[in-house]
Every structure is written in structure tokens, then in C-alpha cells.
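Coordinates as given in data.csv (CSV, C-alpha atoms):
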chain,number,residue,atom,x,y,z
L,252,MET,CA,-9.0,26.5,-2.6
L,253,LYS,CA,-5.3,27.1,-2.1
L,254,LYS,CA,-6.0,30.8,-1.3
L,255,THR,CA,-8.6,29.9,1.3
L,256,ILE,CA,-6.3,27.5,3.0
L,257,SER,CA,-3.5,30.1,3.1
L,258,ILE,CA,-5.8,32.6,4.7
L,259,LEU,CA,-7.0,30.1,7.3
L,260,PHE,CA,-3.4,29.2,8.1
L,261,VAL,CA,-2.4,32.9,8.6
L,262,LEU,CA,-5.4,33.5,10.8
L,263,ALA,CA,-4.4,30.5,12.9
L,264,LEU,CA,-1.0,32.1,13.5
L,265,LEU,CA,-2.7,35.4,14.6
L,266,ILE,CA,-5.3,33.9,16.9
L,267,PRO,CA,-3.0,33.6,20.0
L,268,LEU,CA,-2.5,37.4,19.9
L,269,PHE,CA,-6.2,37.8,20.8
L,270,MET,CA,-6.6,35.0,23.3
L,271,GLY,CA,-5.0,36.8,26.3
L,272,GLU,CA,-3.9,34.8,29.3
L,273,TYR,CA,-4.5,31.0,29.2
L,274,SER,CA,-5.4,31.2,32.9
L,275,GLY,CA,-9.0,31.9,31.8
L,276,ILE,CA,-9.4,28.4,30.3
L,277,HIS,CA,-11.7,26.2,32.4
L,278,VAL,CA,-11.6,22.4,32.6
L,279,ILE,CA,-14.7,20.4,33.3
L,280,SER,CA,-13.9,17.1,34.9
L,281,ASP,CA,-15.9,14.1,36.1
L,282,GLU,CA,-15.2,13.5,39.8
L,283,SER,CA,-16.0,10.4,41.9
L,284,GLY,CA,-19.7,9.9,42.4
L,285,GLY,CA,-20.5,11.3,38.9
L,286,LYS,CA,-20.4,15.0,40.0
L,287,LEU,CA,-18.9,17.5,37.6
L,288,SER,CA,-16.5,20.2,38.7
L,289,VAL,CA,-15.3,23.3,36.9
L,290,ARG,CA,-11.8,24.6,37.6
L,291,THR,CA,-9.1,26.8,36.0
L,292,ALA,CA,-6.6,24.9,33.9
L,293,LYS,CA,-3.1,25.2,35.3
L,294,THR,CA,-0.8,22.7,33.7
L,295,THR,CA,0.5,22.8,30.1
L,296,GLU,CA,-1.0,19.4,29.5
L,297,GLU,CA,-4.4,20.6,30.5
L,298,ILE,CA,-4.2,23.7,28.3
L,299,ASP,CA,-3.0,21.6,25.3
L,300,GLN,CA,-5.9,19.1,25.8
L,301,TYR,CA,-8.4,21.9,26.1
L,302,ILE,CA,-7.2,23.6,22.9
L,303,SER,CA,-7.1,20.3,21.0
L,304,GLU,CA,-10.7,19.5,22.0
L,305,ASN,CA,-12.3,23.0,21.7
L,306,PHE,CA,-10.3,25.1,19.3
L,307,GLY,CA,-12.4,26.3,16.4
L,308,PHE,CA,-11.5,25.1,12.8
L,309,ARG,CA,-9.1,22.5,14.3
L,310,LYS,CA,-9.6,20.0,11.4
L,311,GLU,CA,-9.2,22.8,8.9
L,312,LEU,CA,-6.0,24.0,10.5
L,313,ILE,CA,-4.6,20.5,10.7
L,314,TYR,CA,-5.3,20.2,6.9
L,315,ALA,CA,-3.8,23.6,6.3
L,316,ASN,CA,-0.6,22.7,8.2
L,317,ALA,CA,-0.3,19.3,6.3
L,318,PHE,CA,-1.0,21.1,3.0
L,319,VAL,CA,1.7,23.7,3.5
L,320,ASP,CA,4.2,21.1,4.8
L,321,SER,CA,3.7,18.8,1.9
L,322,ARG,CA,3.2,21.2,-1.0
L,323,VAL,CA,5.4,24.1,0.0
L,324,PHE,CA,8.2,22.6,2.1
L,325,ARG,CA,7.9,19.0,0.8
L,326,SER,CA,8.1,17.8,4.4
L,327,SER,CA,5.8,15.3,6.1
L,328,SER,CA,3.8,15.8,9.3
L,329,ASN,CA,3.7,12.0,9.7
L,330,SER,CA,7.0,10.0,10.0
L,331,ASP,CA,5.3,7.1,8.1
L,332,VAL,CA,5.0,9.2,4.9
L,333,VAL,CA,7.8,10.5,2.7
L,334,VAL,CA,6.7,13.5,0.5
L,335,GLY,CA,8.3,13.2,-2.9
L,336,LYS,CA,8.3,15.4,-6.0
L,337,SER,CA,5.3,16.5,-8.1
L,338,GLY,CA,2.8,15.4,-5.4
L,339,TRP,CA,4.0,11.8,-5.1
L,340,LEU,CA,3.8,10.3,-1.6
L,341,TYR,CA,5.7,7.2,-0.5
L,342,LEU,CA,5.4,4.8,2.5
L,343,ALA,CA,8.5,5.5,4.6
L,344,GLU,CA,8.7,1.8,5.5
L,345,THR,CA,9.6,0.9,2.0
L,346,LEU,CA,12.8,3.0,2.2
L,347,GLN,CA,13.9,1.4,5.5
L,348,VAL,CA,14.0,-2.3,4.4
L,349,PRO,CA,17.2,-4.0,5.3
L,350,ASN,CA,19.3,-5.4,2.5
L,351,ILE,CA,19.6,-9.2,2.8
L,352,LEU,CA,22.5,-10.9,0.9
L,353,ASP,CA,21.6,-14.6,1.2
L,354,TRP,CA,18.2,-15.7,-0.1
L,355,SER,CA,19.1,-19.4,-0.4
L,356,GLY,CA,17.1,-20.5,2.6
L,357,VAL,CA,13.9,-18.8,1.4
L,358,GLY,CA,14.5,-20.1,-2.1
L,359,GLU,CA,14.8,-23.7,-0.9
L,360,ARG,CA,11.7,-23.4,1.3
L,361,LEU,CA,9.7,-22.2,-1.7
L,362,LYS,CA,11.2,-25.0,-3.9
L,363,GLU,CA,10.1,-27.6,-1.2
L,364,LEU,CA,6.6,-26.1,-1.4
L,365,GLU,CA,6.6,-26.3,-5.2
L,366,ILE,CA,7.6,-30.0,-5.0
L,367,ARG,CA,4.9,-30.7,-2.4
L,368,ALA,CA,2.3,-28.9,-4.5
L,369,ALA,CA,3.2,-30.8,-7.6
L,370,ALA,CA,3.0,-34.1,-5.7
L,371,ASN,CA,-0.5,-33.2,-4.8
L,372,GLY,CA,-1.5,-32.1,-8.3
L,373,ALA,CA,-1.2,-28.3,-7.9
L,374,ALA,CA,1.0,-25.8,-9.7
L,375,LEU,CA,2.8,-23.2,-7.5
L,376,ILE,CA,3.2,-19.6,-8.7
L,377,VAL,CA,5.2,-17.1,-6.6
L,378,VAL,CA,4.1,-13.5,-7.3
L,379,LEU,CA,6.3,-10.6,-6.2
L,380,ALA,CA,4.6,-7.2,-6.1
L,381,PRO,CA,7.0,-4.3,-6.4
L,382,ASP,CA,6.8,-1.3,-4.1
L,383,LYS,CA,5.9,2.0,-5.6
L,384,ARG,CA,9.4,3.4,-4.9
L,385,SER,CA,10.9,0.6,-7.2
L,386,ILE,CA,8.7,1.6,-10.2
L,387,TYR,CA,8.8,5.4,-9.6
L,388,PRO,CA,12.1,6.2,-7.9
L,389,GLU,CA,12.5,9.4,-10.0
L,390,PHE,CA,9.9,11.2,-7.8
L,391,LEU,CA,11.6,10.4,-4.5
L,392,PRO,CA,13.3,13.3,-2.6
L,393,ASP,CA,16.9,13.8,-3.6
L,394,ARG,CA,18.2,12.5,-0.3
L,395,PHE,CA,17.2,9.0,-1.4
L,396,SER,CA,19.0,9.2,-4.8
L,397,ASP,CA,21.7,6.8,-3.7
L,398,TRP,CA,19.4,4.5,-1.8
L,399,ARG,CA,19.3,0.9,-3.1
L,400,ASN,CA,17.7,-2.3,-2.0
L,401,GLU,CA,18.5,-5.6,-3.9
L,402,ASN,CA,16.2,-8.0,-2.0
L,403,TYR,CA,13.7,-8.3,-4.9
L,404,GLN,CA,16.3,-9.0,-7.6
L,405,ARG,CA,18.3,-11.4,-5.3
L,406,LEU,CA,15.2,-13.5,-4.5
L,407,VAL,CA,14.0,-13.6,-8.2
L,408,SER,CA,17.5,-14.8,-9.3
L,409,ARG,CA,17.5,-17.5,-6.6
L,410,LEU,CA,14.1,-18.8,-7.5
L,411,ILE,CA,15.0,-18.8,-11.2
L,412,GLU,CA,18.1,-20.9,-10.4
L,413,LEU,CA,15.9,-23.4,-8.5
L,414,ASN,CA,13.4,-23.5,-11.4
L,415,VAL,CA,10.6,-22.2,-9.2
L,416,THR,CA,7.8,-20.4,-11.2
L,417,VAL,CA,8.1,-16.8,-10.2
L,418,VAL,CA,6.3,-13.8,-11.7
L,419,ASP,CA,8.8,-10.9,-11.9
L,420,LEU,CA,6.3,-8.0,-12.0
L,421,LYS,CA,8.9,-5.4,-11.5
L,422,SER,CA,10.4,-5.9,-14.9
L,423,SER,CA,7.0,-6.0,-16.6
L,424,LEU,CA,5.7,-2.9,-14.9
L,425,LEU,CA,8.8,-0.9,-15.6
L,426,ALA,CA,8.4,-1.8,-19.2
L,427,GLN,CA,4.8,-0.5,-19.1
L,428,LYS,CA,5.3,2.7,-17.1
L,429,GLY,CA,6.1,4.8,-20.2
L,430,LEU,CA,2.6,4.0,-21.5
L,431,TYR,CA,0.5,4.3,-18.4
L,432,GLN,CA,0.5,5.6,-14.8
L,433,LEU,CA,0.5,2.4,-12.7
L,434,TYR,CA,0.6,3.5,-9.1
L,435,SER,CA,-1.5,6.1,-7.2
L,436,LEU,CA,0.3,9.3,-6.3
L,437,LYS,CA,-1.2,9.4,-2.9
L,438,ASP,CA,-1.6,5.7,-2.0
L,439,THR,CA,0.8,2.9,-1.3
L,440,HIS,CA,-0.7,0.6,-3.9
L,441,TRP,CA,-0.8,0.1,-7.6
L,442,ASN,CA,-4.0,1.1,-9.5
L,443,ARG,CA,-6.5,-1.3,-11.0
L,444,LEU,CA,-4.8,-1.0,-14.4
L,445,ALA,CA,-1.5,-2.2,-13.0
L,446,ALA,CA,-3.3,-5.0,-11.1
L,447,PHE,CA,-4.8,-6.2,-14.4
L,448,LEU,CA,-1.4,-6.1,-16.1
L,449,ALA,CA,-0.1,-8.2,-13.2
L,450,PHE,CA,-3.0,-10.6,-13.5
L,451,LYS,CA,-2.1,-11.2,-17.2
L,452,GLU,CA,1.5,-12.0,-16.2
L,453,VAL,CA,0.3,-14.4,-13.6
L,454,LEU,CA,-1.9,-16.3,-16.1
L,455,ASN,CA,1.0,-16.3,-18.7
L,456,ALA,CA,3.1,-18.1,-16.1
L,457,ILE,CA,0.8,-21.1,-16.4
L,458,ASP,CA,0.4,-20.7,-20.2
L,459,VAL,CA,-3.2,-19.4,-20.1
L,460,GLU,CA,-4.0,-16.6,-22.6
L,461,THR,CA,-6.4,-13.9,-21.6
L,462,GLU,CA,-8.1,-11.1,-23.4
L,463,ASP,CA,-6.9,-7.5,-23.1
L,464,PHE,CA,-9.0,-4.8,-21.4
L,465,ALA,CA,-11.7,-3.3,-23.5
L,466,SER,CA,-10.9,0.3,-22.5
L,467,LEU,CA,-9.5,2.5,-19.8
L,468,GLN,CA,-11.6,4.1,-17.1
L,469,VAL,CA,-11.0,6.7,-14.4
L,470,TYR,CA,-12.4,6.6,-10.9
L,471,THR,CA,-11.8,8.9,-7.9
L,472,ARG,CA,-10.5,7.8,-4.5
L,473,SER,CA,-8.5,9.2,-1.6
L,474,GLY,CA,-5.2,7.5,-0.9
L,475,ASP,CA,-4.0,5.9,2.4
L,476,LEU,CA,-0.8,8.0,2.5
L,477,SER,CA,-2.8,11.2,2.0
L,478,ARG,CA,-5.1,10.2,4.9
L,479,LEU,CA,-2.0,9.6,7.1
L,480,LEU,CA,-1.0,13.2,6.4
L,481,GLY,CA,-4.4,14.5,7.3
L,482,LEU,CA,-5.1,15.7,3.7
L,483,ASN,CA,-7.5,13.0,2.5
L,484,GLU,CA,-7.3,14.4,-1.0
L,485,ALA,CA,-9.3,12.8,-3.8
L,486,GLU,CA,-7.3,11.6,-6.8
L,487,GLU,CA,-8.3,10.3,-10.3
L,488,VAL,CA,-7.0,6.7,-10.7
L,489,THR,CA,-6.9,4.5,-13.7
L,490,ALA,CA,-9.0,1.3,-14.0
L,491,VAL,CA,-10.0,-1.0,-16.8
L,492,ALA,CA,-13.2,-2.0,-18.5
L,493,LEU,CA,-13.2,-5.7,-19.2
L,494,PRO,CA,-14.6,-7.7,-22.1
L,495,PRO,CA,-17.5,-10.2,-21.3
L,496,LYS,CA,-15.0,-13.0,-21.0
L,497,LEU,CA,-11.3,-12.9,-20.1
L,498,SER,CA,-10.4,-16.5,-21.1
L,499,GLY,CA,-12.0,-19.6,-22.5
L,500,GLU,CA,-13.4,-22.3,-20.2
L,501,LYS,CA,-12.8,-21.5,-16.5
L,502,LEU,CA,-9.9,-23.1,-14.8
L,503,GLY,CA,-10.3,-25.2,-11.6
L,504,THR,CA,-9.6,-24.3,-8.0
L,505,LEU,CA,-7.2,-21.6,-7.0
L,506,ILE,CA,-5.8,-21.1,-3.5
L,507,LEU,CA,-4.5,-17.5,-3.2
L,508,TYR,CA,-2.3,-16.5,-0.3
L,509,HIS,CA,-2.0,-12.7,-0.6
L,510,ASP,CA,-1.5,-9.3,1.1
L,511,SER,CA,-3.3,-6.0,0.2
L,512,PHE,CA,-1.7,-6.0,-3.3
L,513,GLY,CA,-3.2,-9.4,-4.0
L,514,GLU,CA,-6.7,-8.2,-3.1
L,515,SER,CA,-6.8,-6.2,-6.3
L,516,LEU,CA,-6.1,-9.3,-8.4
L,517,LEU,CA,-9.2,-11.1,-7.1
L,518,PRO,CA,-11.8,-9.5,-9.4
L,519,PHE,CA,-9.8,-10.7,-12.5
L,520,LEU,CA,-9.0,-14.1,-11.1
L,521,GLU,CA,-12.7,-14.7,-10.2
L,522,LYS,CA,-13.4,-14.4,-14.0
L,523,THR,CA,-10.9,-17.1,-14.8
L,524,PHE,CA,-11.2,-19.7,-12.0
L,525,ALA,CA,-14.2,-21.8,-11.2
L,526,ARG,CA,-13.4,-21.6,-7.5
L,527,ILE,CA,-11.1,-19.4,-5.4
L,528,GLU,CA,-10.0,-19.7,-1.8
L,529,PRO,CA,-8.4,-16.4,-0.8
L,530,ARG,CA,-6.3,-16.4,2.4
L,531,THR,CA,-4.6,-13.4,3.9
L,532,ILE,CA,-0.9,-13.7,4.6
L,533,ASP,CA,0.1,-12.9,8.2
L,534,ILE,CA,3.7,-11.6,8.0
L,535,ASN,CA,4.1,-12.2,11.7
L,536,SER,CA,3.4,-15.9,11.5
L,537,PRO,CA,5.1,-18.8,9.6
L,538,PHE,CA,3.6,-19.7,6.3
L,539,GLU,CA,2.1,-23.1,6.4
L,540,ILE,CA,-0.2,-25.1,4.0
L,541,SER,CA,-1.1,-28.8,4.5
L,542,ASP,CA,-1.0,-31.6,1.9
L,543,GLU,CA,-4.8,-31.8,2.2
L,544,GLU,CA,-5.2,-28.2,1.2
L,545,LEU,CA,-2.9,-28.7,-1.7
L,546,ARG,CA,-4.9,-31.7,-3.0
L,547,GLN,CA,-7.9,-29.4,-3.2
L,548,ALA,CA,-6.1,-26.9,-5.5
L,549,ASP,CA,-5.2,-26.9,-9.1
L,550,VAL,CA,-3.1,-23.7,-8.7
L,551,LEU,CA,-1.5,-22.2,-5.6
L,552,ILE,CA,-0.5,-18.6,-5.7
L,553,VAL,CA,1.7,-17.0,-3.1
L,554,GLU,CA,1.7,-13.2,-3.5
L,555,ILE,CA,3.8,-10.9,-1.3
L,556,VAL,CA,4.8,-7.2,-1.7
L,557,GLU,CA,8.5,-6.3,-1.9
L,558,ARG,CA,8.8,-4.5,1.4
L,559,ASP,CA,7.6,-7.7,3.3
L,560,LEU,CA,10.1,-10.1,1.6
L,561,PRO,CA,12.4,-10.2,4.6
L,562,THR,CA,9.5,-11.7,6.6
L,563,LEU,CA,9.8,-14.8,4.5
As C-alpha cells, how would this structure be written, given the file I've shared?
Amino acid sequence: MKKTISILFVLALLIPLFMGEYSGIHVISDESGGKLSVRTAKTTEEIDQYISENFGFRKELIYANAFVDSRVFRSSSNSDVVVGKSGWLYLAETLQVPNILDWSGVGERLKELEIRAAANGAALIVVLAPDKRSIYPEFLPDRFSDWRNENYQRLVSRLIELNVTVVDLKSSLLAQKGLYQLYSLKDTHWNRLAAFLAFKEVLNAIDVETEDFASLQVYTRSGDLSRLLGLNEAEEVTAVALPPKLSGEKLGTLILYHDSFGESLLPFLEKTFARIEPRTIDINSPFEISDEELRQADVLIVEIVERDLPTL
């Protein structure tokens, strides 16, 4: 496969030698009245457009370019993706988050929400999902070796001071990474095994014991970061096979405010709660929940990924 890609890439470099003058390229355009006209392309923009639409093996060459950039030069053809070591890819956004020193306002807001929830008969759990770069910093390019962001730790510390129930998944996942791979190499997110371990931590926060997974499984998927690079490479990712029951009698009603990380918690939560109302967090809008909603819930979970903490 690699040899084929290399040959295609070399051929792509040689093709212009046989193309002659670009003045022979013709552009077909739709004029007023629906009539078509054929004329010679004259501008650089027209030539670029013609080549992009008609050049043979265009998709293959885009893949070859992305492959050589990421594997050989460890560089990215997309500014949203950082190419790390040993095939690891990272979302560039997670390495550009501003460091915020004072989290007292966010802490007090969540404390107010906890008090309101308790007054309406619901328990609040704040779940903080760590970014991949926090669990696997060792595969980042060397230029990020001194990069630090303390938002996660500062917010956890503030919530603990206020006695808000917070699930510190960073600590638990770091403790488990020596046993399992927990995040996808080519995707932003954790794998299903990590989501299950996170689920167990969430249930522990309300003193509910759950069964362990029955066995590990492997499934194949392509990651979002690989797609952004134009590679769309398949990758084996770890999942879990579950026992028939995860806990005893099902719990009551759960309202789950979540982002894309929280979606992977849903299959496990559905096995432990009688009713779930999942709601996607909009990081561009204020977080609001009414007393009427709180009265309907036994548990309220607010899950948010590390890179989005400043939006709180």
C-alpha cells in the first residue's frame, strides 16, 4: 500500500512535464439564457478550477499528499489537526485554550445549581471529560513539550472546595492508561472502553455499584481527525462486552446535559436508569434549567469536555 502511494505521488510530480501549455485548457460555462459556451481558460483561477475538477486521480493524490505529510514529515495539511508521534493525531484547538486563573464565578454558579437541584429532589453531578492531549501528552510534537493548561485542575479544585459533586475523570483515566489504550489515535474522542470506565466513576459518585465489563472487544472505525487530513484511515478501537445487567434495580430519571463525549456514556446509562432525557449542550448559549425540569429528575448530570471549559 505504501509503495503504491509513493509511486502515485511521484507520477503526480511528473505529470506537468507532459501537459504542455495550459492555454489548451477549455472552460465550459453556462451563459444567460441557458446556452453553453466553450472558451480557452486564461486566468490562473480558471486553470486551478479546471485542474481541481478534472485532474485524474485527484482524490488519490490528495490522500498521497496527506499521507506523506503526516507519516514522513509529521506535518499537517489541515490547520485543525496536529500530527504527533507514532501516528497519534490531536485536535489543534485543544492546544490553543487560554489559561484562566479565576474559576470562582463558575464554581459558585454550579454550586447554586446544586442547591436548586437538591431543593427539587435531584442530585447534581458535574462530569469533566479530559482532552486526549491531557491523557497522552507524550505523543505530542516536541514543540508542545512545555505547553501547559491548568483550567481543568483549577476548576476541579474550586468545585471540591465548594463541596460540589465533581467526577475527576482525568485522574482516573491517567491511572488506567498503563493497562489499556483509552483514546483513538486518529479521533478526538475516547474509545468505548474509556467511556465505560468514565460511566463507572459517574455511578460511584452517587454510591451506586456497577458490574465490570465481561470482556474486551475490538471494532474498526475511521477517526474524525484522519478524515480532516483527507486520509480517512480505518483503525481498530477498543470496546467492551457487558454482562446482562450492570446494576440492581434501575434508578429513576436522569437528565443528561452533554457534548460529544457524553454521547458515548448513553448506552451504559440507559442500562442503569429507568428514564433518560439527554440534552445537547450549546457552548454558544447560556446554560439554563428550570425548577420544573429539576423536579422531574432524580439525577442531573452536566458533562463537558476540557477544551470547552472556558465557555462556562
Which residue out of L:Asp463, L:Asp458, L:Asp438, L:Glu554 has the minimum interatomic distance to Lys383 in chain L when all atoms listed in the file are used?
L:Asp438
Point out the residue among L:Ala525, L:Ala548, L:Leu505, L:Leu433 with the least atom-to-atom distance to Val491 in chain L, counting only C-alpha atoms.
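Using only C-alpha atoms, the shortest distance to Val491 in chain L belongs to L:Leu433.
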Fewer than 2 positions away in the same chain doesn't count, so skip those; otherwise give me all residues within 9 Å of Ala370 in chain L, counting all atoms listed in the file, as a list in words.
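Answer for this query is Glu365, Ile366, Arg367, Ala368, Gly372, Ala373, Asp542, Leu545 and Arg546 of chain L.
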Which residues are near Ser466 in chain L? Cut-off 10 Å, only C-alpha atoms, ignore same chain within fewer than 5 positions. Put them as a list in words.
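Once the adjacent positions are removed, what remains is Ala490, Val491, Ala492, Leu493 and Pro494 of chain L.
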Any idea what's packed within 8 Å of Val553 in chain L, counting all atoms listed in the file, ignoring anything in its chain fewer than 2 positions away? Could you give it as a PyMOL selection string?
chain L and resi 375-378+507-509+551+555
Neighbours of point (5.2, -12.6, -19.5) within 9 Å, using all atoms listed in the file, written as a list in words:
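The requested residues, written out, are Val418, Asp419, Leu420, Ser423, Lys451, Glu452, Val453, Leu454, Asn455 and Ala456 of chain L.
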CA of Gln347 in chain L to CA of Glu359 in chain L: how many Å, to one decimal?
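Interatomic distance here is 25.9 Å.
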Work out how far CA of Lys362 in chain L is from CA of Ile411 in chain L, in Å to one decimal.
10.3 Å
To one decimal in Å, tell me the separation between CA of Leu516 in chain L and CA of Leu364 in chain L.
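It comes out at 22.2 Å.
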Give the answer as one residue: which of L:Asp559, L:Glu543, L:Glu412, L:Glu514 has the shortest atom-to-atom distance to Arg530 in chain L, using only C-alpha atoms?
L:Glu514
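For the residues L:Ser385, L:Ser541, L:Gln547, L:Ser337, ranking by smallest atom-to-atom distance to Lys428 in chain L using all atoms listed in the file places L:Ser385 first.
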Between L:Asn535, L:Lys336, L:Ser477, L:Glu460, which has the minimum distance to Glu389 in chain L (counting all atoms listed in the file)?
L:Lys336
So, with all atoms listed in the file as the atoms that count, which of L:Asn350, L:Ser330, L:Thr439, L:Gln432 lies closest to Pro381 in chain L?
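The closest residue to Pro381 in chain L is L:Thr439.
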Would you list the contacts of Pro392 in chain L as a ChimeraX atom specification, taking every protein, DNA or RNA residue within 9 Å and counting all atoms listed in the file, but skipping same-chain residues closer than 4 positions in sequence?
/L:325,333-336,388,396
Selected residues written out, C-alpha atoms, as a PDB file, in the frame of the given file:
ATOM      1  CA  ARG L 325       7.900  19.000   0.800  1.00  0.00           C
ATOM      2  CA  VAL L 333       7.800  10.500   2.700  1.00  0.00           C
ATOM      3  CA  VAL L 334       6.700  13.500   0.500  1.00  0.00           C
ATOM      4  CA  GLY L 335       8.300  13.200  -2.900  1.00  0.00           C
ATOM      5  CA  LYS L 336       8.300  15.400  -6.000  1.00  0.00           C
ATOM      6  CA  PRO L 388      12.100   6.200  -7.900  1.00  0.00           C
ATOM      7  CA  SER L 396      19.000   9.200  -4.800  1.00  0.00           C
TER       8      SER L 396
END
